[in-house]
file model-v6.cif (mmCIF, C-alpha atoms and all ligand atoms)
data_my_file
#
loop_
_atom_site.label_atom_id
_atom_site.label_comp_id
_atom_site.auth_asym_id
_atom_site.auth_seq_id
_atom_site.Cartn_x
_atom_site.Cartn_y
_atom_site.Cartn_z
CA MET A 1 81.41 -3.05 -49.30
CA SER A 2 78.71 -2.14 -46.81
CA THR A 3 79.61 0.31 -44.06
CA LEU A 4 76.62 -0.65 -41.95
CA PRO A 5 77.43 -1.87 -38.41
CA ARG A 6 77.54 -5.63 -37.99
CA SER A 7 76.19 -5.53 -34.44
CA VAL A 8 74.99 -3.25 -31.66
CA VAL A 9 76.67 -3.39 -28.26
CA ILE A 10 75.98 -2.07 -24.77
CA LYS A 11 78.73 0.51 -24.17
CA GLY A 12 77.75 1.33 -20.60
CA THR A 13 74.95 1.18 -18.04
CA GLY A 14 73.77 3.27 -15.10
CA SER A 15 70.95 3.31 -12.60
CA TYR A 16 69.44 5.52 -9.96
CA THR A 17 67.02 4.73 -7.17
CA PRO A 18 65.69 7.37 -4.78
CA ALA A 19 67.03 7.59 -1.22
CA ASN A 20 63.59 7.31 0.36
CA ILE A 21 63.26 3.63 1.44
CA LYS A 22 59.93 2.20 2.62
CA THR A 23 59.95 -1.27 4.18
CA ASN A 24 56.96 -3.60 4.27
CA ASP A 25 56.53 -2.69 7.93
CA ASP A 26 56.45 1.00 7.01
CA LEU A 27 53.56 0.31 4.59
CA ALA A 28 51.74 -1.81 7.16
CA GLU A 29 51.44 1.33 9.30
CA PHE A 30 48.88 2.81 6.89
CA VAL A 31 47.77 -0.09 4.63
CA ASP A 32 45.87 -3.20 5.85
CA THR A 33 48.78 -5.55 5.13
CA SER A 34 51.77 -7.17 6.82
CA GLU A 35 55.48 -7.70 6.22
CA GLU A 36 54.81 -11.47 6.22
CA TRP A 37 52.07 -11.29 3.51
CA ILE A 38 54.07 -9.07 1.19
CA PHE A 39 57.31 -11.02 1.54
CA THR A 40 55.83 -14.51 1.22
CA ARG A 41 53.56 -13.60 -1.74
CA THR A 42 56.09 -11.50 -3.67
CA GLY A 43 59.66 -11.68 -2.27
CA ILE A 44 59.65 -7.89 -1.84
CA LYS A 45 61.11 -6.45 1.39
CA GLU A 46 61.34 -2.77 0.57
CA ARG A 47 60.96 -0.27 -2.25
CA ARG A 48 62.14 3.30 -2.97
CA PHE A 49 59.83 6.26 -3.47
CA ALA A 50 60.79 9.51 -5.17
CA THR A 51 61.11 12.46 -2.83
CA GLU A 52 59.01 15.63 -3.10
CA GLY A 53 59.72 17.33 -6.43
CA GLU A 54 61.67 14.37 -7.82
CA ASN A 55 60.08 13.37 -11.13
CA THR A 56 60.45 10.54 -13.62
CA SER A 57 62.69 12.73 -15.82
CA HIS A 58 65.00 13.62 -12.92
CA MET A 59 65.56 9.95 -12.06
CA GLY A 60 66.06 9.12 -15.75
CA THR A 61 68.57 11.94 -16.09
CA GLU A 62 70.65 10.72 -13.15
CA ALA A 63 70.65 7.12 -14.43
CA SER A 64 71.66 8.46 -17.87
CA ARG A 65 74.53 10.52 -16.43
CA ARG A 66 75.86 7.38 -14.77
CA ALA A 67 75.47 5.31 -17.96
CA LEU A 68 77.31 7.92 -20.04
CA ALA A 69 80.13 8.08 -17.48
CA ASN A 70 80.33 4.28 -17.44
CA ALA A 71 80.49 4.23 -21.25
CA GLY A 72 82.98 7.11 -21.41
CA ILE A 73 80.71 8.98 -23.85
CA GLN A 74 80.42 12.79 -23.92
CA THR A 75 76.94 14.32 -23.92
CA SER A 76 77.67 16.00 -27.26
CA ALA A 77 78.11 12.55 -28.88
CA VAL A 78 74.62 11.28 -27.97
CA ASP A 79 72.44 11.35 -31.09
CA LEU A 80 69.36 9.40 -29.93
CA VAL A 81 67.40 9.29 -26.66
CA ILE A 82 64.53 6.83 -26.24
CA VAL A 83 62.65 6.61 -22.96
CA ALA A 84 60.32 3.83 -21.82
CA THR A 85 57.86 4.85 -19.11
CA ILE A 86 54.22 4.61 -18.07
CA THR A 87 54.64 7.53 -15.66
CA PRO A 88 55.91 10.39 -17.83
CA ASP A 89 56.29 13.75 -16.07
CA MET A 90 53.35 14.89 -18.24
CA PRO A 91 51.56 13.65 -21.39
CA PHE A 92 53.74 15.95 -23.50
CA PRO A 93 56.44 16.96 -24.15
CA SER A 94 58.03 13.55 -23.99
CA THR A 95 60.13 12.56 -20.99
CA ALA A 96 62.96 11.99 -23.49
CA CYS A 97 62.84 15.70 -24.41
CA LEU A 98 62.84 16.66 -20.71
CA ILE A 99 65.86 14.41 -20.09
CA GLN A 100 67.57 15.87 -23.17
CA THR A 101 67.46 19.35 -21.62
CA GLN A 102 68.47 18.22 -18.13
CA LEU A 103 71.42 16.23 -19.49
CA GLY A 104 72.41 18.71 -22.18
CA VAL A 105 72.37 16.19 -25.04
CA SER A 106 71.33 18.82 -27.52
CA ASN A 107 72.34 16.84 -30.64
CA ALA A 108 69.90 13.99 -30.00
CA VAL A 109 66.61 12.88 -31.55
CA CYS A 110 64.22 12.22 -28.64
CA MET A 111 61.09 10.14 -28.14
CA ASP A 112 59.14 8.05 -25.63
CA ILE A 113 57.80 4.56 -26.25
CA GLU A 114 55.20 2.98 -24.00
CA ALA A 115 55.21 -0.79 -23.49
CA ALA A 116 54.90 -0.80 -19.68
CA CYS A 117 57.19 -3.29 -17.90
CA SER A 118 58.46 -4.63 -21.25
CA GLY A 119 59.32 -1.08 -22.32
CA PHE A 120 63.08 -1.35 -21.93
CA LEU A 121 63.26 -4.40 -24.19
CA TYR A 122 61.07 -2.62 -26.74
CA ILE A 123 63.29 0.49 -26.82
CA MET A 124 66.37 -1.71 -26.99
CA GLU A 125 65.17 -3.22 -30.27
CA VAL A 126 64.02 0.14 -31.66
CA ALA A 127 67.35 1.83 -30.82
CA ALA A 128 69.35 -1.15 -32.14
CA SER A 129 67.41 -1.07 -35.42
CA MET A 130 68.06 2.67 -35.78
CA ILE A 131 71.79 2.20 -35.07
CA LYS A 132 71.90 -0.57 -37.68
CA THR A 133 70.81 1.93 -40.35
CA GLY A 134 74.23 3.52 -39.84
CA ARG A 135 72.68 6.90 -38.98
CA TYR A 136 73.03 6.80 -35.15
CA GLN A 137 76.21 6.19 -33.16
CA ASN A 138 75.40 6.66 -29.48
CA ALA A 139 71.87 5.87 -28.36
CA LEU A 140 70.83 6.49 -24.79
CA ILE A 141 67.95 4.22 -23.77
CA VAL A 142 66.25 4.86 -20.45
CA GLY A 143 63.60 3.04 -18.40
CA THR A 144 62.33 5.38 -15.69
CA GLU A 145 59.26 5.30 -13.47
CA LYS A 146 57.59 7.19 -10.65
CA LEU A 147 54.95 4.55 -9.98
CA SER A 148 54.25 6.08 -6.58
CA SER A 149 52.37 8.80 -8.51
CA ILE A 150 49.72 6.32 -9.73
CA LEU A 151 49.41 3.94 -6.75
CA ASP A 152 46.04 3.66 -5.02
CA TRP A 153 46.77 3.53 -1.31
CA GLU A 154 43.21 2.22 -0.77
CA ASP A 155 43.97 -0.88 -2.89
CA ARG A 156 46.22 -3.17 -0.88
CA THR A 157 46.38 -5.72 -3.71
CA THR A 158 48.50 -3.34 -5.83
CA CYS A 159 50.04 -0.55 -3.73
CA VAL A 160 52.50 -2.83 -1.92
CA LEU A 161 54.06 -4.16 -5.13
CA PHE A 162 55.63 -1.18 -6.84
CA GLY A 163 58.51 1.28 -6.44
CA ASP A 164 60.30 4.14 -8.21
CA GLY A 165 63.66 4.26 -10.00
CA ALA A 166 65.50 4.47 -13.30
CA GLY A 167 68.04 2.55 -15.36
CA ALA A 168 69.82 3.46 -18.59
CA ALA A 169 72.18 2.02 -21.17
CA VAL A 170 74.28 3.49 -23.97
CA LEU A 171 74.12 1.48 -27.19
CA GLY A 172 76.42 1.83 -30.14
CA PRO A 173 77.60 0.07 -33.31
CA SER A 174 80.29 -2.59 -33.42
CA ASP A 175 82.05 -4.54 -36.14
CA SER A 176 82.10 -7.80 -34.18
CA PRO A 177 79.14 -9.85 -35.39
CA GLN A 178 78.99 -12.24 -32.43
CA THR A 179 78.79 -9.67 -29.61
CA GLY A 180 76.18 -7.33 -28.25
CA LEU A 181 72.45 -7.56 -28.81
CA LEU A 182 72.17 -10.86 -30.66
CA ASP A 183 68.41 -11.12 -31.08
CA PHE A 184 65.00 -9.89 -29.92
CA LYS A 185 61.62 -11.53 -29.52
CA LEU A 186 58.88 -9.03 -28.74
CA GLY A 187 55.15 -9.69 -28.47
CA ALA A 188 51.84 -8.07 -27.60
CA ASP A 189 48.24 -9.07 -26.90
CA GLY A 190 45.95 -6.05 -26.69
CA ALA A 191 42.94 -8.28 -26.04
CA ASN A 192 44.21 -8.74 -22.48
CA GLY A 193 44.69 -5.01 -21.87
CA GLU A 194 42.27 -4.73 -18.98
CA VAL A 195 44.11 -7.08 -16.64
CA LEU A 196 46.52 -4.23 -15.90
CA PHE A 197 45.71 -0.64 -16.80
CA MET A 198 45.04 2.91 -15.72
CA PRO A 199 41.73 4.13 -17.13
CA GLY A 200 41.98 7.85 -16.35
CA GLY A 201 44.04 10.76 -17.60
CA GLY A 202 43.96 10.02 -21.35
CA SER A 203 41.47 11.21 -23.96
CA ALA A 204 38.94 8.46 -23.05
CA ASN A 205 38.64 9.65 -19.45
CA PRO A 206 40.20 13.07 -19.03
CA ALA A 207 40.50 14.38 -15.49
CA THR A 208 37.15 15.50 -14.07
CA GLY A 209 35.74 15.59 -10.56
CA THR A 210 33.96 12.31 -11.37
CA SER A 211 37.07 10.58 -12.72
CA ILE A 212 38.88 11.52 -9.54
CA ASP A 213 35.99 10.39 -7.30
CA ASN A 214 35.93 7.07 -9.21
CA ARG A 215 39.69 6.64 -8.65
CA LEU A 216 40.35 6.30 -12.39
CA HIS A 217 43.80 7.90 -12.16
CA PHE A 218 45.28 4.92 -10.35
CA LEU A 219 46.80 1.67 -11.57
CA LYS A 220 44.31 -1.25 -11.60
CA MET A 221 45.31 -4.88 -11.79
CA ARG A 222 43.77 -8.35 -11.71
CA GLY A 223 46.82 -9.91 -10.09
CA LYS A 224 46.05 -13.62 -10.47
CA GLU A 225 45.37 -13.31 -14.20
CA VAL A 226 48.51 -11.24 -14.73
CA PHE A 227 50.52 -13.82 -12.79
CA LYS A 228 49.45 -16.71 -15.03
CA LEU A 229 49.87 -14.76 -18.27
CA ALA A 230 53.30 -13.51 -17.17
CA VAL A 231 54.68 -17.00 -16.63
CA LYS A 232 53.20 -18.23 -19.92
CA VAL A 233 54.47 -15.43 -22.17
CA MET A 234 57.93 -15.18 -20.61
CA GLU A 235 58.43 -18.94 -20.88
CA GLN A 236 57.32 -18.85 -24.51
CA ALA A 237 59.49 -15.84 -25.46
CA ALA A 238 62.56 -17.32 -23.74
CA LYS A 239 62.14 -20.72 -25.40
CA GLU A 240 61.53 -19.18 -28.82
CA ILE A 241 64.55 -16.89 -28.75
CA LEU A 242 66.85 -19.70 -27.61
CA GLU A 243 65.49 -22.05 -30.26
CA GLN A 244 65.72 -19.57 -33.11
CA ASN A 245 69.39 -18.98 -32.22
CA GLY A 246 70.21 -22.67 -31.89
CA LEU A 247 71.04 -22.27 -28.18
CA ASN A 248 70.03 -24.15 -25.09
CA SER A 249 69.47 -22.80 -21.62
CA ASP A 250 72.72 -24.35 -20.28
CA GLN A 251 74.63 -21.83 -22.36
CA LEU A 252 73.11 -18.88 -20.48
CA ALA A 253 75.41 -17.39 -17.84
CA CYS A 254 72.63 -15.25 -16.42
CA VAL A 255 68.93 -14.50 -16.84
CA ILE A 256 67.71 -11.02 -15.95
CA PRO A 257 63.94 -11.22 -15.58
CA HIS A 258 61.46 -8.42 -15.00
CA GLN A 259 61.45 -8.03 -11.22
CA ALA A 260 57.75 -8.28 -10.36
CA ASN A 261 57.27 -11.29 -8.13
CA LEU A 262 59.73 -13.93 -6.90
CA ARG A 263 57.07 -16.65 -7.34
CA ILE A 264 56.72 -15.77 -11.04
CA ILE A 265 60.51 -16.00 -11.46
CA GLU A 266 60.64 -19.33 -9.57
CA LEU A 267 57.98 -20.81 -11.86
CA LEU A 268 59.85 -19.51 -14.91
CA SER A 269 63.03 -21.11 -13.56
CA SER A 270 61.35 -24.48 -13.25
CA ARG A 271 59.59 -24.28 -16.65
CA LEU A 272 62.84 -23.32 -18.42
CA GLU A 273 64.86 -25.76 -16.30
CA ILE A 274 67.33 -23.01 -15.44
CA PRO A 275 68.41 -23.06 -11.78
CA MET A 276 67.42 -20.06 -9.68
CA ASP A 277 71.04 -19.19 -8.96
CA ARG A 278 71.41 -18.15 -12.60
CA PHE A 279 68.58 -15.59 -12.27
CA TYR A 280 69.62 -12.11 -11.20
CA LEU A 281 67.31 -10.82 -8.47
CA ASN A 282 66.98 -7.43 -6.82
CA LEU A 283 63.21 -7.18 -6.35
CA GLU A 284 63.68 -7.60 -2.61
CA LYS A 285 65.17 -4.06 -2.55
CA TYR A 286 63.07 -2.22 -5.13
CA GLY A 287 59.78 -4.02 -5.75
CA ASN A 288 58.39 -3.74 -9.26
CA THR A 289 59.73 -0.64 -11.01
CA SER A 290 58.06 -1.43 -14.38
CA ALA A 291 60.18 -0.13 -17.32
CA ALA A 292 63.07 0.61 -14.94
CA SER A 293 63.20 -2.94 -13.59
CA ILE A 294 65.36 -4.59 -16.30
CA PRO A 295 67.86 -1.72 -16.73
CA ILE A 296 68.38 -1.32 -12.97
CA ALA A 297 68.97 -5.08 -12.68
CA LEU A 298 71.24 -5.08 -15.76
CA ASP A 299 73.36 -2.27 -14.32
CA GLU A 300 73.61 -3.93 -10.90
CA ALA A 301 74.43 -7.31 -12.45
CA PHE A 302 77.36 -5.71 -14.33
CA ARG A 303 78.54 -3.88 -11.21
CA ASP A 304 78.18 -6.95 -8.96
CA GLY A 305 80.31 -8.96 -11.40
CA ARG A 306 77.40 -11.31 -12.09
CA ILE A 307 77.86 -10.80 -15.81
CA ASN A 308 81.24 -10.62 -17.46
CA SER A 309 82.94 -10.45 -20.82
CA GLY A 310 81.83 -13.24 -23.16
CA ASP A 311 78.76 -14.17 -21.09
CA LEU A 312 75.49 -14.98 -22.81
CA VAL A 313 72.66 -13.19 -21.00
CA LEU A 314 68.91 -13.44 -21.46
CA LEU A 315 66.70 -10.47 -20.60
CA VAL A 316 63.01 -11.36 -20.32
CA ALA A 317 60.00 -9.23 -19.41
CA PHE A 318 56.21 -8.91 -19.49
CA GLY A 319 53.89 -6.05 -18.74
CA ALA A 320 50.67 -4.20 -19.36
CA GLY A 321 49.32 -4.20 -22.86
CA LEU A 322 49.88 -7.10 -22.59
CA THR A 323 53.41 -6.86 -23.86
CA TRP A 324 56.40 -9.11 -23.47
CA GLY A 325 59.90 -9.54 -24.76
CA ALA A 326 63.14 -11.48 -24.64
CA THR A 327 66.58 -10.24 -25.68
CA LEU A 328 69.80 -12.21 -26.01
CA VAL A 329 73.01 -10.36 -25.22
CA ARG A 330 76.60 -11.52 -25.62
CA CYS A 331 78.75 -9.29 -23.42
CA PRO A 332 81.70 -7.81 -25.33
O1 LIG B 401 54.69 -5.93 -13.98
C1 LIG B 401 53.49 -6.63 -13.97
C2 LIG B 401 52.91 -6.42 -12.64
N1 LIG B 401 52.10 -7.35 -12.04
C3 LIG B 401 52.44 -8.50 -11.47
O2 LIG B 401 53.49 -9.06 -11.65
C4 LIG B 401 51.44 -9.10 -10.56
C5 LIG B 401 51.24 -10.57 -10.72
N2 LIG B 401 50.41 -11.07 -9.64
C6 LIG B 401 50.91 -11.23 -8.40
O3 LIG B 401 52.07 -10.96 -8.16
C7 LIG B 401 50.01 -11.83 -7.35
O4 LIG B 401 48.79 -12.22 -7.94
C8 LIG B 401 49.75 -10.86 -6.17
C9 LIG B 401 51.01 -10.66 -5.37
C10 LIG B 401 49.26 -9.51 -6.70
C11 LIG B 401 48.68 -11.43 -5.25
O5 LIG B 401 49.07 -12.72 -4.80
P1 LIG B 401 48.00 -13.91 -4.80
O6 LIG B 401 48.68 -15.07 -4.21
O7 LIG B 401 47.48 -14.02 -6.21
O8 LIG B 401 46.92 -13.37 -3.78
P2 LIG B 401 45.35 -13.17 -3.98
O9 LIG B 401 45.09 -12.00 -4.89
O10 LIG B 401 44.73 -14.48 -4.32
O11 LIG B 401 44.93 -12.79 -2.53
C12 LIG B 401 45.00 -13.74 -1.47
C13 LIG B 401 44.47 -13.09 -0.22
C14 LIG B 401 43.12 -12.43 -0.37
O12 LIG B 401 42.39 -12.64 0.81
P3 LIG B 401 41.24 -13.76 0.88
O13 LIG B 401 40.26 -13.39 -0.19
O14 LIG B 401 41.95 -15.06 0.61
O15 LIG B 401 40.74 -13.61 2.27
C15 LIG B 401 43.46 -10.96 -0.50
O16 LIG B 401 42.43 -10.11 -0.05
O17 LIG B 401 45.38 -12.06 0.21
C16 LIG B 401 44.65 -10.85 0.43
N3 LIG B 401 45.51 -9.73 0.12
C17 LIG B 401 46.33 -9.16 1.02
N4 LIG B 401 46.53 -9.41 2.32
C18 LIG B 401 47.44 -8.66 2.96
C19 LIG B 401 45.70 -9.13 -1.08
N5 LIG B 401 46.61 -8.15 -0.96
C20 LIG B 401 47.02 -8.15 0.32
C21 LIG B 401 47.95 -7.41 1.04
N6 LIG B 401 48.14 -7.68 2.35
N7 LIG B 401 48.69 -6.42 0.48
#
call {"tool": "encode", "arguments": {"input": "model-v6.cif", "output": "structure tokens"}}
result
Amino acid sequence: MSTLPRSVVIKGTGSYTPANIKTNDDLAEFVDTSEEWIFTRTGIKERRFATEGENTSHMGTEASRRALANAGIQTSAVDLVIVATITPDMPFPSTACLIQTQLGVSNAVCMDIEAACSGFLYIMEVAASMIKTGRYQNALIVGTEKLSSILDWEDRTTCVLFGDGAGAAVLGPSDSPQTGLLDFKLGADGANGEVLFMPGGGSANPATGTSIDNRLHFLKMRGKEVFKLAVKVMEQAAKEILEQNGLNSDQLACVIPHQANLRIIELLSSRLEIPMDRFYLNLEKYGNTSAASIPIALDEAFRDGRINSGDLVLLVAFGAGLTWGATLVRCP
């Protein structure tokens, strides 16, 4: 008889957002914008920015500590750490290795995976697949971002949208086939890479005086195009994953979407015919935290009692790459 796990479950979650809150009015003091524009176009009221010396790894470590405590797992039992981020502390070593040292999870295999705002759903499938081999028992998956480090304060079309923070989950094997991470639907379209990207800092455009003068080390986005693509790919991924599992949207207790723009989520709600009150929202408080967005929302949804034992939950995201993903979870 096979000893391989029959499913992979979420054993615990945790999140961390920095104490430094900036409201829309705070931004309007130094950016040509207004509280009214930001709120009506995006639904965002405030965001958190890391404090001086607080890096992506530090936020990820704190979220991880909370997830391990929530799961009741000792650091010595963690055997895999996967981090999703587009704002690593540095190109190498990986942020996962930095978190390993800060947390003291010395028995773990560590790596980063980059799929932008879809990153958490990507690392969820990678970690789940590794657990299903039977070789890993306690995987720590972390979405953590310090987007404030790549925001261009001279570009009002992007700088008002993003914030910093981290979320984490502990995954492990289970013998109950109908619980946990039921299915994944990931996708990518590299041909649309330039709608959302950061051209500088890699081997194509290493840091030089010219790259800095040309503002290449900041996030660039063609917002309208991203908006349309986001609605399209999230709708498609959500419909496909429901269909391939023989489910309909009425069976979903909660949808946790990538928290980028309330108008995107409202359109998704109408296209999927799922009422808005079944979507978990926290973008008002944090803005878009990229790879940290889904795990922060997942942790808060658990803590707020919005998702409970037996609930069927859909996680759905899109991001730079382009990348996208949908994950179906049955809460144990
Ligand atoms: O994780 C993936 C991340 N990306 C996204 O999810 C972004 C998706 N896109 C969006 O959320 C929206 O496209 C935005 C919120 C970025 C922009 O909303 P929009 O309704 O597409 O606005 P727009 O770009 O068409 O701009 C409308 C107007 C323009 O002025 P004119 O040309 O009509 O005079 C902009 O210059 O709003 C102006 N504008 C602003 N005004 C005040 C753009 N940014 C700002 C601003 N404050 N911050």
call {"tool": "residues_near_ligand", "arguments": {"input": "model-v6.cif", "ligand": "ligand LIG 401 (chain B)", "cutoff": "7 Å", "atoms": "only C-alpha atoms and all ligand atoms", "output": "list in words"}}
result
Asp32, Thr33, Ser34, Trp37, Ile38, Arg41, Thr42, Cys117, Arg156, Thr157, Thr158, Val160, Gly223, Lys224, Val226, Phe227, Ala260, Asn261, Asn288, Ser290, Phe318, Gly319 and Ala320 of chain A
call {"tool": "residues_around", "arguments": {"input": "model-v6.cif", "residues": "Arg303 of chain A", "least_positions_apart": "2", "cutoff": "12 Å", "atoms": "all atoms listed in the file", "output": "PyMOL selection string"}}
result
chain A and resi 12-15+67+70+296-301+305-308
call {"tool": "residues_near_point", "arguments": {"input": "model-v6.cif", "point": "(39.3, 8.6, -11.2)", "cutoff": "10 Å", "atoms": "all atoms listed in the file", "output": "PyMOL selection string"}}
result
chain A and resi 198-201+205-218
call {"tool": "write_last_selection", "arguments": {"input": "model-v6.cif", "atoms": "C-alpha atoms", "output": "mmCIF file, keeping the file's coordinate frame"}}
result
data_model
loop_
_atom_site.group_PDB
_atom_site.id
_atom_site.type_symbol
_atom_site.label_atom_id
_atom_site.label_comp_id
_atom_site.auth_asym_id
_atom_site.auth_seq_id
_atom_site.Cartn_x
_atom_site.Cartn_y
_atom_site.Cartn_z
ATOM 1 C CA MET A 198 45.040 2.910 -15.720
ATOM 2 C CA PRO A 199 41.730 4.130 -17.130
ATOM 3 C CA GLY A 200 41.980 7.850 -16.350
ATOM 4 C CA GLY A 201 44.040 10.760 -17.600
ATOM 5 C CA ASN A 205 38.640 9.650 -19.450
ATOM 6 C CA PRO A 206 40.200 13.070 -19.030
ATOM 7 C CA ALA A 207 40.500 14.380 -15.490
ATOM 8 C CA THR A 208 37.150 15.500 -14.070
ATOM 9 C CA GLY A 209 35.740 15.590 -10.560
ATOM 10 C CA THR A 210 33.960 12.310 -11.370
ATOM 11 C CA SER A 211 37.070 10.580 -12.720
ATOM 12 C CA ILE A 212 38.880 11.520 -9.540
ATOM 13 C CA ASP A 213 35.990 10.390 -7.300
ATOM 14 C CA ASN A 214 35.930 7.070 -9.210
ATOM 15 C CA ARG A 215 39.690 6.640 -8.650
ATOM 16 C CA LEU A 216 40.350 6.300 -12.390
ATOM 17 C CA HIS A 217 43.800 7.900 -12.160
ATOM 18 C CA PHE A 218 45.280 4.920 -10.350
#
call {"tool": "residues_near_point", "arguments": {"input": "model-v6.cif", "point": "(64.4, -12.5, -23.7)", "cutoff": "12 Å", "atoms": "all atoms listed in the file", "output": "PyMOL selection string"}}
result
chain A and resi 118+120-122+124-125+181-187+233-245+249+252+254-258+294+312-318+324-329
call {"tool": "closest_residue", "arguments": {"input": "model-v6.cif", "among": "A:Tyr286, A:Tyr136, A:Phe279, A:Phe92", "to": "Pro18 of chain A", "atoms": "all atoms listed in the file"}}
result
A:Tyr286
call {"tool": "atom_distance", "arguments": {"input": "model-v6.cif", "atom1": "atom CA of Glu284 of chain A", "atom2": "atom CA of Asn248 of chain A"}}
result
28.6 Å
call {"tool": "closest_residue", "arguments": {"input": "model-v6.cif", "among": "A:Lys220, A:Arg271, A:Val105, A:Pro91", "to": "Glu154 of chain A", "atoms": "only C-alpha atoms"}}
result
A:Lys220
call {"tool": "closest_residue", "arguments": {"input": "model-v6.cif", "among": "A:Leu268, A:Ile141, A:Ile274, A:Ala253", "to": "Cys110 of chain A", "atoms": "only C-alpha atoms"}}
result
A:Ile141
call {"tool": "closest_residue", "arguments": {"input": "model-v6.cif", "among": "A:Ala191, A:Val31, A:Ile44, A:Leu196", "to": "Arg263 of chain A", "atoms": "all atoms listed in the file"}}
result
A:Ile44
call {"tool": "residues_around", "arguments": {"input": "model-v6.cif", "residues": "Ile123 of chain A", "least_positions_apart": "2", "cutoff": "9 Å", "atoms": "only C-alpha atoms", "output": "ChimeraX atom specification"}}
result
/A:82-84,112-115,118-121,125-128,141-143
call {"tool": "write_last_selection", "arguments": {"input": "model-v6.cif", "atoms": "C-alpha atoms", "output": "PDB file, in the coordinates of the input"}}
result
ATOM      1  CA  ILE A  82      64.530   6.830 -26.240  1.00  0.00           C
ATOM      2  CA  VAL A  83      62.650   6.610 -22.960  1.00  0.00           C
ATOM      3  CA  ALA A  84      60.320   3.830 -21.820  1.00  0.00           C
ATOM      4  CA  ASP A 112      59.140   8.050 -25.630  1.00  0.00           C
ATOM      5  CA  ILE A 113      57.800   4.560 -26.250  1.00  0.00           C
ATOM      6  CA  GLU A 114      55.200   2.980 -24.000  1.00  0.00           C
ATOM      7  CA  ALA A 115      55.210  -0.790 -23.490  1.00  0.00           C
ATOM      8  CA  SER A 118      58.460  -4.630 -21.250  1.00  0.00           C
ATOM      9  CA  GLY A 119      59.320  -1.080 -22.320  1.00  0.00           C
ATOM     10  CA  PHE A 120      63.080  -1.350 -21.930  1.00  0.00           C
ATOM     11  CA  LEU A 121      63.260  -4.400 -24.190  1.00  0.00           C
ATOM     12  CA  GLU A 125      65.170  -3.220 -30.270  1.00  0.00           C
ATOM     13  CA  VAL A 126      64.020   0.140 -31.660  1.00  0.00           C
ATOM     14  CA  ALA A 127      67.350   1.830 -30.820  1.00  0.00           C
ATOM     15  CA  ALA A 128      69.350  -1.150 -32.140  1.00  0.00           C
ATOM     16  CA  ILE A 141      67.950   4.220 -23.770  1.00  0.00           C
ATOM     17  CA  VAL A 142      66.250   4.860 -20.450  1.00  0.00           C
ATOM     18  CA  GLY A 143      63.600   3.040 -18.400  1.00  0.00           C
TER      19      GLY A 143
END
call {"tool": "atom_distance", "arguments": {"input": "model-v6.cif", "atom1": "atom CA of Glu145 of chain A", "atom2": "atom CA of Thr323 of chain A"}}
result
17.0 Å
call {"tool": "atom_distance", "arguments": {"input": "model-v6.cif", "atom1": "atom CA of Cys331 of chain A", "atom2": "atom CA of Arg278 of chain A"}}
result
15.8 Å
call {"tool": "closest_residue", "arguments": {"input": "model-v6.cif", "among": "A:Val170, A:Val231, A:Ala291, A:Ile10", "to": "Ile265 of chain A", "atoms": "all atoms listed in the file"}}
result
A:Val231
call {"tool": "residues_around", "arguments": {"input": "model-v6.cif", "residues": "Asn107 of chain A", "least_positions_apart": "3", "cutoff": "8 Å", "atoms": "only C-alpha atoms", "output": "compact mmCIF listing (two decimals) with C-alpha atoms, keeping the file's coordinate frame"}}
result
# COMPACT_ATOMS: atom_id res chain seq x y z
CA SER A 76 77.67 16.00 -27.26
CA ALA A 77 78.11 12.55 -28.88
CA VAL A 78 74.62 11.28 -27.97
CA ASP A 79 72.44 11.35 -31.09
